[in-house]
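Coordinates from data_1.txt are shown below (compact mmCIF, C-alpha atoms and all ligand atoms).
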# COMPACT_ATOMS: atom_id res chain seq x y z
CA MET A 149 0.00 0.00 0.00
CA PRO A 150 1.36 3.42 -0.82
CA LEU A 151 2.62 5.34 2.14
CA ILE A 152 1.29 8.85 2.47
CA ALA A 153 3.90 11.58 2.25
CA ALA A 154 4.79 12.68 5.74
CA VAL A 155 6.42 15.99 6.45
CA ALA A 156 8.65 15.63 9.47
CA TRP A 157 10.17 18.34 11.55
CA TRP A 158 13.02 17.54 13.91
CA ALA A 159 14.52 19.81 16.47
CA SER A 160 17.99 20.87 15.46
CA PRO A 161 20.87 18.93 17.02
CA GLY A 162 21.85 20.19 20.42
CA THR A 163 18.35 21.01 21.64
CA LEU A 164 17.18 19.19 24.71
CA ARG A 165 15.66 15.76 24.32
CA TYR A 166 12.21 16.84 25.46
CA ALA A 167 12.13 19.34 22.66
CA THR A 168 12.56 16.77 19.94
CA GLN A 169 8.91 16.16 19.25
CA ARG A 170 8.35 15.90 15.56
CA THR A 171 5.23 17.11 13.86
CA VAL A 172 3.80 14.88 11.15
CA GLU A 173 1.23 16.29 8.78
CA PHE A 174 -1.14 14.42 6.53
CA THR A 175 -3.86 15.49 4.17
CA LEU A 176 -6.85 13.18 3.90
CA THR A 177 -9.79 13.86 1.63
CA ALA A 178 -12.94 11.75 1.66
CA ALA A 179 -14.57 11.88 -1.75
CA PRO A 180 -16.52 9.79 -4.25
CA ALA A 181 -14.34 7.86 -6.69
CA ARG A 182 -14.68 5.13 -9.28
CA LEU A 183 -12.36 2.23 -8.67
CA SER A 184 -11.93 -1.36 -9.65
CA LEU A 185 -12.24 -3.15 -6.33
CA ARG A 186 -12.43 -6.62 -7.82
CA PRO A 187 -11.11 -7.79 -11.15
CA GLY A 188 -13.31 -7.06 -14.15
CA ALA A 189 -15.66 -4.49 -12.63
CA THR A 190 -15.60 -0.90 -11.52
CA SER A 191 -17.64 0.47 -8.64
CA ASP A 192 -18.68 3.83 -7.32
CA VAL A 193 -16.93 4.09 -4.00
CA LEU A 194 -16.12 6.60 -1.30
CA ALA A 195 -12.40 6.80 -0.75
CA TYR A 196 -9.74 8.56 1.27
CA ASN A 197 -7.32 10.16 -1.19
CA GLY A 198 -8.81 8.10 -4.00
CA GLN A 199 -7.81 4.70 -2.65
CA VAL A 200 -9.42 1.77 -0.81
CA PRO A 201 -8.19 1.19 1.83
CA GLY A 202 -7.05 4.73 2.52
CA PRO A 203 -3.37 5.56 2.90
CA THR A 204 -1.51 3.87 5.73
CA LEU A 205 -0.50 6.44 8.32
CA GLU A 206 2.90 5.66 9.84
CA LEU A 207 3.60 7.34 13.17
CA ARG A 208 5.96 7.15 16.09
CA GLU A 209 5.25 7.45 19.78
CA GLY A 210 5.56 11.09 20.79
CA ASP A 211 4.63 12.44 17.38
CA ARG A 212 2.45 15.48 17.16
CA VAL A 213 0.02 14.69 14.37
CA VAL A 214 -1.90 17.15 12.25
CA VAL A 215 -4.40 15.68 9.79
CA HIS A 216 -5.86 18.17 7.37
CA PHE A 217 -9.18 16.60 6.53
CA ARG A 218 -11.57 17.61 3.75
CA ASN A 219 -15.05 16.23 3.44
CA GLU A 220 -15.98 16.09 -0.23
CA LEU A 221 -18.86 13.69 0.38
CA SER A 222 -22.46 14.81 0.04
CA GLU A 223 -23.13 14.01 3.71
CA PRO A 224 -21.51 14.67 7.10
CA THR A 225 -18.64 12.45 8.18
CA THR A 226 -15.79 12.29 10.69
CA ILE A 227 -12.51 10.44 10.98
CA HIS A 228 -12.29 8.37 14.11
CA TRP A 229 -8.81 7.18 15.17
CA HIS A 230 -9.84 3.80 16.49
CA GLY A 231 -7.97 2.82 19.65
CA LEU A 232 -5.87 5.94 20.06
CA HIS A 233 -5.59 7.56 23.47
CA ILE A 234 -5.98 11.21 22.44
CA PRO A 235 -8.18 14.16 23.45
CA ALA A 236 -11.93 13.68 23.01
CA SER A 237 -12.07 16.74 20.75
CA ALA A 238 -9.84 14.93 18.23
CA ASP A 239 -11.59 11.54 18.46
CA GLY A 240 -13.82 12.05 15.41
CA SER A 241 -16.86 10.79 17.32
CA PRO A 242 -20.46 11.53 16.26
CA PHE A 243 -20.26 14.63 18.50
CA HIS A 244 -18.01 16.36 15.98
CA PRO A 245 -19.37 15.90 12.45
CA VAL A 246 -17.64 17.60 9.54
CA ALA A 247 -20.25 19.00 7.15
CA PRO A 248 -20.05 18.32 3.40
CA GLY A 249 -17.59 20.66 1.70
CA LYS A 250 -15.92 21.55 4.99
CA GLN A 251 -12.40 21.05 6.30
CA HIS A 252 -11.24 20.07 9.74
CA ASP A 253 -7.80 19.68 11.27
CA TYR A 254 -7.39 16.76 13.66
CA VAL A 255 -4.50 17.58 16.00
CA PHE A 256 -3.20 15.16 18.61
CA THR A 257 -0.05 13.74 20.17
CA ILE A 258 0.69 10.03 20.18
CA PRO A 259 1.44 9.06 23.78
CA ARG A 260 4.36 6.85 24.79
CA GLY A 261 3.74 3.18 25.41
CA ILE A 262 0.93 2.68 22.90
CA ALA A 263 2.93 1.52 19.88
CA GLY A 264 0.74 -0.86 17.95
CA THR A 265 -1.64 -1.31 15.06
CA TYR A 266 -4.67 0.96 14.84
CA TRP A 267 -7.03 2.10 12.13
CA TYR A 268 -9.23 4.97 11.12
CA HIS A 269 -12.77 5.10 9.80
CA PRO A 270 -15.77 7.46 9.67
CA HIS A 271 -18.07 7.71 12.69
CA PRO A 272 -21.05 9.89 11.72
CA HIS A 273 -24.28 9.26 13.57
CA HIS A 274 -26.23 6.38 11.91
CA ARG A 275 -24.04 6.31 8.77
CA THR A 276 -20.81 4.61 9.82
CA GLY A 277 -21.71 1.25 8.25
CA HIS A 278 -22.73 2.87 4.99
CA GLN A 279 -19.55 4.92 4.64
CA VAL A 280 -17.25 2.05 5.60
CA ALA A 281 -19.07 -0.27 3.15
CA LYS A 282 -18.40 2.27 0.41
CA GLY A 283 -14.66 2.19 1.07
CA LEU A 284 -13.72 4.58 3.88
CA TYR A 285 -11.21 2.91 6.20
CA GLY A 286 -7.45 2.79 6.54
CA ALA A 287 -4.60 1.58 8.73
CA LEU A 288 -2.55 3.52 11.23
CA ILE A 289 0.69 2.15 12.65
CA VAL A 290 2.46 3.53 15.69
CA ARG A 291 6.08 2.52 16.21
CA ALA A 292 8.19 2.78 19.35
CA ASP A 293 11.85 3.75 19.58
CA ASP A 294 12.36 0.90 22.05
CA ASP A 295 10.55 -1.84 20.12
CA PRO A 296 11.85 -5.14 21.55
CA LEU A 297 11.45 -7.16 18.34
CA PRO A 298 14.37 -7.34 15.93
CA ALA A 299 14.23 -4.42 13.52
CA SER A 300 15.33 -6.76 10.73
CA LEU A 301 11.96 -8.57 10.63
CA ARG A 302 10.10 -7.87 7.43
CA GLU A 303 6.67 -6.39 8.18
CA GLN A 304 3.44 -7.12 6.39
CA LEU A 305 0.26 -5.18 6.96
CA LEU A 306 -3.00 -7.07 6.37
CA VAL A 307 -6.17 -5.00 6.37
CA LEU A 308 -9.04 -7.50 6.20
CA SER A 309 -12.38 -6.46 4.78
CA ASP A 310 -15.30 -7.93 2.88
CA ASN A 311 -17.85 -6.53 0.48
CA ARG A 312 -20.83 -7.44 -1.63
CA PHE A 313 -21.59 -6.33 -5.17
CA LEU A 314 -24.54 -6.22 -7.53
CA ASP A 315 -24.17 -7.56 -11.08
CA ASP A 316 -23.49 -4.07 -12.45
CA GLY A 317 -20.44 -3.79 -10.19
CA SER A 318 -22.02 -1.42 -7.70
CA ILE A 319 -21.55 -1.98 -3.99
CA ASP A 320 -24.61 -3.73 -2.60
CA VAL A 321 -25.97 -1.70 0.29
CA PRO A 322 -29.65 -2.66 0.41
CA SER A 323 -32.32 -0.34 1.73
CA PRO A 324 -33.00 -1.04 5.40
CA GLN A 325 -36.65 -1.84 4.57
CA SER A 326 -35.78 -4.63 2.12
CA ALA A 327 -35.44 -8.27 3.19
CA PRO A 328 -31.63 -8.34 2.73
CA GLY A 329 -31.48 -4.98 4.52
CA ARG A 330 -33.25 -6.49 7.50
CA VAL A 331 -30.84 -9.45 7.56
CA ASP A 332 -27.92 -7.01 7.50
CA GLU A 333 -29.44 -5.06 10.35
CA GLU A 334 -29.73 -8.22 12.41
CA ASN A 335 -26.45 -9.92 11.45
CA GLY A 336 -24.34 -7.02 10.49
CA ARG A 337 -23.56 -6.69 6.81
CA GLU A 338 -21.21 -9.31 5.46
CA GLY A 339 -19.91 -9.60 1.92
CA ASP A 340 -18.99 -12.67 -0.06
CA VAL A 341 -15.87 -11.08 -1.54
CA LEU A 342 -12.94 -11.02 0.88
CA PHE A 343 -10.13 -8.52 0.56
CA VAL A 344 -6.67 -8.14 2.01
CA ASN A 345 -5.46 -4.57 1.57
CA GLY A 346 -8.22 -4.07 -1.01
CA VAL A 347 -7.05 -7.03 -3.12
CA VAL A 348 -8.76 -10.41 -3.54
CA ARG A 349 -6.42 -13.23 -2.48
CA PRO A 350 -3.07 -11.50 -2.90
CA THR A 351 0.22 -13.37 -2.71
CA LEU A 352 2.82 -12.50 -0.09
CA SER A 353 6.33 -13.79 -0.33
CA ILE A 354 8.56 -15.22 2.34
CA ARG A 355 11.93 -16.85 2.33
CA SER A 356 12.46 -20.20 3.98
CA GLY A 357 13.66 -19.66 7.56
CA GLU A 358 12.67 -15.99 7.57
CA VAL A 359 10.51 -14.59 10.37
CA GLN A 360 7.98 -11.92 9.37
CA ARG A 361 5.99 -9.57 11.54
CA TRP A 362 2.37 -9.35 10.46
CA ARG A 363 -0.02 -6.65 11.63
CA ILE A 364 -3.60 -7.71 10.98
CA ILE A 365 -6.64 -5.43 11.19
CA ASN A 366 -10.26 -6.54 11.01
CA ALA A 367 -11.84 -3.60 9.17
CA SER A 368 -15.01 -5.54 8.28
CA ALA A 369 -18.42 -4.28 9.31
CA ALA A 370 -19.48 -7.58 10.87
CA ARG A 371 -17.38 -10.51 9.67
CA MET A 372 -15.14 -12.18 12.19
CA TYR A 373 -12.04 -14.01 11.11
CA ARG A 374 -10.79 -17.26 12.55
CA LEU A 375 -7.33 -17.17 11.07
CA SER A 376 -5.16 -20.17 10.35
CA LEU A 377 -2.04 -20.40 8.20
CA ARG A 378 -1.81 -23.88 6.71
CA GLY A 379 1.14 -25.85 8.04
CA HIS A 380 2.22 -23.01 10.34
CA SER A 381 1.54 -21.71 13.79
CA PHE A 382 1.53 -18.06 14.79
CA LEU A 383 3.67 -16.49 17.43
CA HIS A 384 1.10 -14.06 18.81
CA VAL A 385 2.95 -11.00 20.12
CA GLY A 386 0.38 -8.24 20.34
CA ASN A 387 -3.21 -7.08 20.45
CA ASP A 388 -5.20 -3.89 19.96
CA GLY A 389 -3.04 -1.73 22.25
CA GLY A 390 0.38 -3.16 21.41
CA LEU A 391 2.77 -5.90 22.42
CA PHE A 392 2.25 -8.51 25.15
CA GLU A 393 4.72 -9.29 27.91
CA HIS A 394 5.61 -12.59 26.23
CA PRO A 395 4.97 -14.14 22.83
CA VAL A 396 2.30 -16.86 22.78
CA GLU A 397 2.29 -19.70 20.29
CA THR A 398 -1.10 -20.49 18.74
CA ASN A 399 -2.55 -22.24 15.71
CA GLU A 400 -5.59 -20.03 15.34
CA LEU A 401 -6.55 -16.44 15.98
CA LEU A 402 -10.06 -15.11 16.33
CA LEU A 403 -10.22 -11.55 15.13
CA ALA A 404 -13.52 -9.84 15.95
CA VAL A 405 -14.67 -6.67 14.25
CA GLY A 406 -12.34 -3.76 14.96
CA GLU A 407 -9.67 -5.91 16.60
CA ARG A 408 -6.02 -6.04 15.61
CA VAL A 409 -3.24 -8.56 16.21
CA GLU A 410 0.47 -8.65 15.71
CA VAL A 411 1.93 -12.06 14.98
CA LEU A 412 5.27 -13.43 13.95
CA VAL A 413 5.18 -15.93 11.11
CA ARG A 414 8.11 -18.33 10.91
CA GLY A 415 8.93 -19.44 7.42
CA SER A 416 9.08 -23.13 8.23
CA GLY A 417 8.16 -24.20 4.68
CA ALA A 418 10.59 -25.42 2.01
CA PRO A 419 11.92 -23.10 -0.70
CA GLY A 420 9.39 -22.86 -3.54
CA SER A 421 6.45 -24.19 -1.49
CA GLN A 422 3.20 -22.37 -0.81
CA SER A 423 0.84 -21.92 2.10
CA VAL A 424 -2.54 -20.21 2.45
CA LEU A 425 -3.94 -17.93 5.12
CA GLU A 426 -7.51 -19.03 5.68
CA THR A 427 -10.47 -17.99 7.74
CA LEU A 428 -12.14 -21.03 9.30
CA PRO A 429 -15.87 -21.24 10.02
CA TYR A 430 -16.95 -19.33 13.10
CA ASP A 431 -20.54 -19.31 14.30
CA ARG A 432 -21.33 -15.87 15.67
CA TYR A 433 -24.93 -15.89 14.41
CA ILE A 434 -28.46 -16.40 15.56
CA PRO A 435 -29.91 -19.35 13.61
CA GLN A 436 -32.57 -17.28 11.80
CA THR A 437 -30.07 -15.17 9.88
CA ARG A 438 -27.01 -17.43 9.83
CA PRO A 439 -25.61 -17.32 6.28
CA LYS A 440 -26.05 -20.54 4.30
CA ASP A 441 -22.35 -20.91 3.58
CA TRP A 442 -21.06 -20.00 7.02
CA GLU A 443 -19.30 -23.36 7.38
CA ARG A 444 -17.09 -22.73 4.37
CA THR A 445 -13.40 -22.11 4.94
CA ARG A 446 -12.31 -19.09 2.91
CA GLU A 447 -8.87 -18.31 1.53
CA LEU A 448 -7.50 -14.86 2.29
CA LEU A 449 -4.05 -14.89 0.77
CA ALA A 450 -1.29 -17.13 -0.55
CA LEU A 451 2.11 -17.22 1.08
CA GLN A 452 4.70 -18.11 -1.53
CA TYR A 453 8.16 -19.27 -0.55
CA THR A 454 10.97 -17.97 -2.71
CA ALA A 455 13.40 -20.44 -4.24
CA ASP A 456 16.26 -19.07 -2.11
CA ALA A 457 18.11 -21.28 0.33
CA PRO A 458 16.85 -21.00 3.91
CA VAL A 459 18.14 -18.17 6.08
CA PRO A 460 19.42 -19.05 9.55
CA ALA A 461 16.97 -18.83 12.43
CA ILE A 462 16.70 -15.50 14.22
CA ARG A 463 16.26 -15.26 17.98
CA ILE A 464 12.96 -13.80 19.18
CA PRO A 465 13.10 -12.30 22.68
CA ALA A 466 11.08 -14.21 25.28
CA SER A 467 10.17 -10.95 27.04
CA LEU A 468 8.69 -8.08 25.09
CA ARG A 469 7.63 -5.31 27.47
CA PRO A 470 5.84 -4.92 30.79
CA VAL A 471 2.05 -4.78 30.71
CA VAL A 472 1.40 -3.52 34.21
CA ALA A 473 -1.87 -4.73 35.73
CA LEU A 474 -4.38 -2.01 36.55
CA ASP A 475 -4.93 -2.01 40.30
CA THR A 476 -8.22 -3.70 41.23
CA SER A 477 -7.97 -2.31 44.77
CA ARG A 478 -8.44 1.19 43.35
CA VAL A 479 -11.72 0.40 41.63
CA THR A 480 -14.31 3.04 42.54
CA ALA A 481 -17.22 1.93 40.38
CA LYS A 482 -18.57 -1.09 38.58
CA ARG A 483 -20.53 -0.57 35.42
CA LEU A 484 -22.95 -3.17 34.18
CA MET A 485 -23.68 -3.13 30.45
CA VAL A 486 -26.45 -5.49 29.44
CA LEU A 487 -26.55 -6.17 25.73
CA THR A 488 -29.83 -7.04 24.09
CA GLN A 489 -30.45 -6.81 20.37
CA HIS A 490 -29.68 -3.21 19.31
CA LEU A 491 -29.81 -1.94 22.90
CA ILE A 492 -27.42 -1.38 25.80
CA ASN A 493 -29.09 -1.42 29.22
CA GLY A 494 -32.43 -1.26 27.44
CA GLN A 495 -31.63 2.04 25.76
CA SER A 496 -30.88 3.19 22.28
CA MET A 497 -28.10 5.68 21.61
CA ASP A 498 -28.97 9.32 22.28
CA LEU A 499 -26.32 11.97 21.72
CA ALA A 500 -28.13 14.23 24.19
CA ARG A 501 -27.86 11.70 27.03
CA VAL A 502 -24.85 10.75 29.12
CA ASP A 503 -25.10 7.11 30.17
CA VAL A 504 -22.03 6.84 32.37
CA HIS A 505 -20.59 9.66 34.50
CA ALA A 506 -17.03 9.03 35.62
CA ARG A 507 -14.26 10.96 37.31
CA LEU A 508 -10.98 11.77 35.71
CA GLY A 509 -8.34 9.47 37.18
CA ALA A 510 -10.84 6.81 38.30
CA THR A 511 -10.32 3.09 37.84
CA GLU A 512 -13.48 1.13 37.06
CA ILE A 513 -14.62 -2.36 36.17
CA TRP A 514 -17.06 -2.81 33.33
CA GLU A 515 -19.10 -5.96 33.16
CA ILE A 516 -20.57 -6.65 29.75
CA GLU A 517 -23.37 -9.14 29.80
CA ASN A 518 -24.55 -10.42 26.43
CA LEU A 519 -28.10 -11.74 26.57
CA VAL A 520 -28.35 -12.17 22.82
CA GLY A 521 -27.91 -15.38 20.85
CA MET A 522 -25.06 -13.85 18.88
CA ASP A 523 -21.64 -12.31 19.54
CA HIS A 524 -21.26 -8.56 20.10
CA PRO A 525 -17.75 -7.09 19.93
CA PHE A 526 -17.83 -4.31 22.53
CA HIS A 527 -15.61 -1.28 21.94
CA LEU A 528 -14.68 1.66 24.18
CA HIS A 529 -13.22 4.83 22.71
CA GLY A 530 -10.21 6.63 24.05
CA PHE A 531 -9.02 4.25 26.77
CA GLN A 532 -7.30 0.90 26.46
CA PHE A 533 -8.54 -1.65 28.99
CA GLN A 534 -7.47 -5.04 30.34
CA VAL A 535 -9.90 -7.94 30.10
CA LEU A 536 -10.12 -9.63 33.52
CA ASP A 537 -12.31 -12.64 32.86
CA ARG A 538 -15.01 -14.17 30.70
CA ASN A 539 -17.80 -16.08 32.41
CA GLY A 540 -15.62 -15.93 35.51
CA VAL A 541 -12.64 -17.58 33.81
CA PRO A 542 -9.58 -15.36 34.16
CA GLU A 543 -7.90 -14.22 30.96
CA PRO A 544 -4.80 -16.36 30.35
CA PHE A 545 -2.55 -13.29 30.12
CA ARG A 546 -2.75 -9.50 30.26
CA SER A 547 -2.95 -7.24 27.26
CA TRP A 548 -4.23 -3.83 26.27
CA LYS A 549 -7.51 -3.97 24.38
CA ASP A 550 -10.10 -1.61 23.02
CA VAL A 551 -12.50 -4.26 21.69
CA VAL A 552 -13.64 -7.32 23.60
CA ASN A 553 -15.74 -9.84 21.73
CA VAL A 554 -18.54 -10.83 24.07
CA ARG A 555 -19.76 -14.15 22.82
CA THR A 556 -23.35 -15.23 22.84
CA HIS A 557 -24.70 -15.44 26.42
CA GLU A 558 -21.28 -14.59 27.80
CA THR A 559 -20.30 -12.06 30.45
CA ALA A 560 -16.90 -10.41 30.11
CA ARG A 561 -15.28 -8.02 32.57
CA PHE A 562 -12.57 -5.48 31.96
CA ILE A 563 -10.74 -2.91 34.04
CA VAL A 564 -10.03 0.58 32.77
CA ARG A 565 -8.48 3.76 34.12
CA TYR A 566 -9.41 7.20 32.79
CA ASP A 567 -5.96 8.60 33.36
CA ASP A 568 -6.50 11.77 31.36
CA HIS A 569 -8.57 13.23 28.51
CA PRO A 570 -11.85 14.37 30.01
CA GLY A 571 -14.82 14.58 27.70
CA LYS A 572 -17.52 12.50 26.12
CA TRP A 573 -16.53 9.09 24.79
CA MET A 574 -18.51 6.50 22.90
CA TYR A 575 -18.82 2.84 23.68
CA HIS A 576 -20.66 0.50 21.36
CA CYS A 577 -20.98 -2.80 19.63
CA HIS A 578 -18.55 -2.65 16.69
CA ILE A 579 -20.85 -4.53 14.34
CA LEU A 580 -21.51 -1.37 12.40
CA ASP A 581 -25.17 -2.07 11.73
CA HIS A 582 -25.74 -2.53 15.45
CA GLU A 583 -23.85 0.64 16.29
CA ASP A 584 -25.75 2.62 13.66
CA HIS A 585 -29.05 1.30 14.99
CA GLY A 586 -28.42 2.51 18.49
CA MET A 587 -26.26 -0.09 20.25
CA MET A 588 -24.05 2.64 21.59
CA GLY A 589 -23.75 4.81 24.67
CA VAL A 590 -21.87 7.82 26.03
CA LEU A 591 -19.30 7.88 28.81
CA GLU A 592 -18.48 11.31 30.19
CA VAL A 593 -15.22 11.68 32.07
CA LYS A 594 -14.72 14.84 34.10
CU1 LIG B 1 -13.85 1.75 15.45
CU2 LIG B 1 -16.53 3.88 17.66
O1 LIG B 1 -15.16 2.82 16.54
CU CU B 2 -13.18 3.58 18.32
CU CU B 3 -23.70 -6.16 18.10

Could you render the structure from this file as structure tokens?
Ligand code: C2O
Ligand code: CU
Ligand code: CU
Amino acid sequence: MPLIAAVAWWASPGTLRYATQRTVEFTLTAAPARLSLRPGATSDVLAYNGQVPGPTLELREGDRVVVHFRNELSEPTTIHWHGLHIPASADGSPFHPVAPGKQHDYVFTIPRGIAGTYWYHPHPHHRTGHQVAKGLYGALIVRADDDPLPASLREQLLVLSDNRFLDDGSIDVPSPQSAPGRVDEENGREGDVLFVNGVVRPTLSIRSGEVQRWRIINASAARMYRLSLRGHSFLHVGNDGGLFEHPVETNELLLAVGERVEVLVRGSGAPGSQSVLETLPYDRYIPQTRPKDWERTRELLALQYTADAPVPAIRIPASLRPVVALDTSRVTAKRLMVLTQHLINGQSMDLARVDVHARLGATEIWEIENLVGMDHPFHLHGFQFQVLDRNGVPEPFRSWKDVVNVRTHETARFIVRYDDHPGKWMYHCHILDHEDHGMMGVLEVK
């Protein structure tokens, strides 16, 4: 994916270390475009800077970021920086729509300690799913100066998405009153065409013996991915909010909507051989609207080994970084969030209502109880949290998260601290159709 031009400013040599913040500027324009998303057809899309996905924004911890945004759509939009811990005024939530034809500068500083894989997408009231379906989403990577993984590892970014098309090539977004529209509203809109970085089944290359660092983003509106790389395991090193304390070996990864993972892939295959990254069947549905082909394994990309002789093994550190546990003895409130279809605690989203009042600096436990016969990936803006347990079973290890997939009839608990950034923050189910239909609430921190 092309990297957007970044203008960097560095303090001149000799200035004090604290003065060496660089400012990175980007220009992003959301506008209609006509693109070929899948071979043999062109579609009317909405795109950031004319591409789907939008440009990948590459940042470093400590950067001051200025995004000059222009809305050339015919409707209001925002850019939400999913997962970033930045001031509420820069969050691009439905509280701060940018009108058609208008410009807005998003200005924020990337804090230390959050290096990881993030993404950006629109967040206008009721229209997020529509705008994302039309092509508005992109990746954002934050790097750390003290990254513990070897800098020599080749990185691959995988932005996963799906879409659905009509015979004339147009993107199929049915009217909410139609039968397919009602299924989408219930299920969340899935598409039968799967994309990695906007391409159907691309091929990545790897050399035998090489270790690659993959950053994977689920940018789909509703589809969840149960990832498996044929003949390989993953070394899972990070989640939404960055690296773990220790790498964890696993054969499969479940990536709910909005979630990200970082994994190391060891090139254990022979020179010239091939593997495939697949998504295995995962039943997140209520029976009434479960897609007919849900049990089909789908191929996402091919991993092609070069003919070169194997490279020698590289050592991966057993310790990555501390993930300090939030202190449960400091918890001052417990929040219960009961999920029913399209509602949280029996209420539908209202921008004029504050659902949770919290104090700046407070540590709280949120208990998310899912009463519905389908999964709901629950997302909190602005603050990374630590999942404590699911149905009373403690999480196997600590990590920073901003989405927790609450499975059908499951109760998950997380701990969060509002260490700074007062203001109004959204929390919601990240199945975009659910969010757009009201499965969202407002947390005010002051
Ligand atoms: Cu990915 Cu409310 O956001
Ligand atoms: Cu978000
Ligand atoms: Cu939901």

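Take the candidates A:Asp293, A:Asp456, A:Asp550, A:Asp192 and check each one against ligand CU 2 (chain B) using only C-alpha atoms and all ligand atoms; the shortest distance goes to A:Asp550.
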
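With the cut-off set to 8 Å and all atoms listed in the file counted, the residues surrounding ligand LIG 1 (chain B) are His228, Trp229, His230, Gly231, Ser241, Trp267, Tyr268, His269, His271, Gly406, His527, Leu528, His529, Met574, Tyr575, His576 and His578 of chain A.
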
Between A:Arg349, A:His233, A:His273, A:His569, smallest distance to ligand CU 2 (chain B) by only C-alpha atoms and all ligand atoms belongs to A:His233

Near Ala370 of chain A, counting all atoms listed in the file, which residues have an atom at most 6 Å away, once you skip same-chain residues fewer than 3 positions from it, shown as JSON, numbers by chain? {"A": [336, 337, 338, 405, 579]}

Here is a test: counting only C-alpha atoms and all ligand atoms, which residue of A:Thr488, A:Thr445, A:Thr511, A:Ser467 is nearest to ligand CU 3 (chain B)?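 For ligand CU 3 (chain B), the nearest of the given residues is A:Thr488.
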
Would you mind telling me which residue in A:Ser421, A:Asn335, A:Asn518, A:Ser353 lies nearest to Ile492 of chain A when using all atoms listed in the file? A:Asn518

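With all atoms listed in the file taken into account, the protein and nucleic acid residues at most 7 Å from Thr225 of chain A (excluding it and anything under 5 positions from it in its own chain) are Pro245, Val246, Ala247, Pro270, His271 and Pro272 of chain A.
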
Which residues are close to Lys282 of chain A, i.e. within 7 Å by only C-alpha atoms, leaving aside same-chain residues fewer than 2 positions away? Reply as a tab-separated table (two decimals) with C-alpha atoms, keeping the file's coordinate frame.
chain	number	residue	atom	x	y	z
A	193	VAL	CA	-16.93	4.09	-4.00
A	194	LEU	CA	-16.12	6.60	-1.30
A	278	HIS	CA	-22.73	2.87	4.99
A	279	GLN	CA	-19.55	4.92	4.64
A	280	VAL	CA	-17.25	2.05	5.60
A	284	LEU	CA	-13.72	4.58	3.88
A	319	ILE	CA	-21.55	-1.98	-3.99

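The space separating atom CA of Thr476 of chain A from atom CA of Arg561 of chain A comes to 12.0 Å.
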
Name each residue within 9 Å of ligand CU 3 (chain B), counting all atoms listed in the file, as number ranges by chain. A: 334-336, 370, 487-491, 520, 522-526, 576-583, 587

Which distance in Å separates atom CA of Gly240 of chain A and atom CA of Val331 of chain A, to one decimal? 28.5 Å

Nearest to ligand CU 2 (chain B): which of A:Asp441, A:Asp567, A:Asp388, A:Glu206 is it, counting all atoms listed in the file? A:Asp388

Using all atoms listed in the file: which of A:His585, A:Arg361, A:Arg371, A:Arg469 has the shortest distance to Ser309 of chain A: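 Under the stated criterion, the closest residue is A:Arg371.
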
Measure the distance from atom CA of Gly571 of chain A to atom CA of Phe217 of chain A in Å and round it to one decimal.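 Distance between the two atoms: 22.0 Å.
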
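Residue neighbourhood of segment 258-264 of chain A, excluding near-sequence residues (fewer than 2 positions): Glu209, Gly210, Asp211, Arg212, Phe256, Tyr266, Ile289, Val290, Arg291, Ala292, Asp388, Gly389 and Gly390 of chain A, at 7 Å, using all atoms listed in the file.
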
Within 8 Å of Phe382 of chain A using all atoms listed in the file, minus same-chain residues under 3 positions, as a PyMOL selection string: chain A and resi 377+397-400+411-414

So which residues are close to (-17.7, -21.6, 7.6), meaning at most 10 Å away in the file's coordinates with all atoms listed in the file counted, and can you show them as an MDAnalysis selection string? chainID A and resid 374 427:431 439:446

Keeping C-alpha atoms, export the residues of the selection given above as an mmCIF file, in the coordinates of the input.
data_model
loop_
_atom_site.group_PDB
_atom_site.id
_atom_site.type_symbol
_atom_site.label_atom_id
_atom_site.label_comp_id
_atom_site.auth_asym_id
_atom_site.auth_seq_id
_atom_site.Cartn_x
_atom_site.Cartn_y
_atom_site.Cartn_z
ATOM 1 C CA ARG A 374 -10.790 -17.260 12.550
ATOM 2 C CA THR A 427 -10.470 -17.990 7.740
ATOM 3 C CA LEU A 428 -12.140 -21.030 9.300
ATOM 4 C CA PRO A 429 -15.870 -21.240 10.020
ATOM 5 C CA TYR A 430 -16.950 -19.330 13.100
ATOM 6 C CA ASP A 431 -20.540 -19.310 14.300
ATOM 7 C CA PRO A 439 -25.610 -17.320 6.280
ATOM 8 C CA LYS A 440 -26.050 -20.540 4.300
ATOM 9 C CA ASP A 441 -22.350 -20.910 3.580
ATOM 10 C CA TRP A 442 -21.060 -20.000 7.020
ATOM 11 C CA GLU A 443 -19.300 -23.360 7.380
ATOM 12 C CA ARG A 444 -17.090 -22.730 4.370
ATOM 13 C CA THR A 445 -13.400 -22.110 4.940
ATOM 14 C CA ARG A 446 -12.310 -19.090 2.910
#
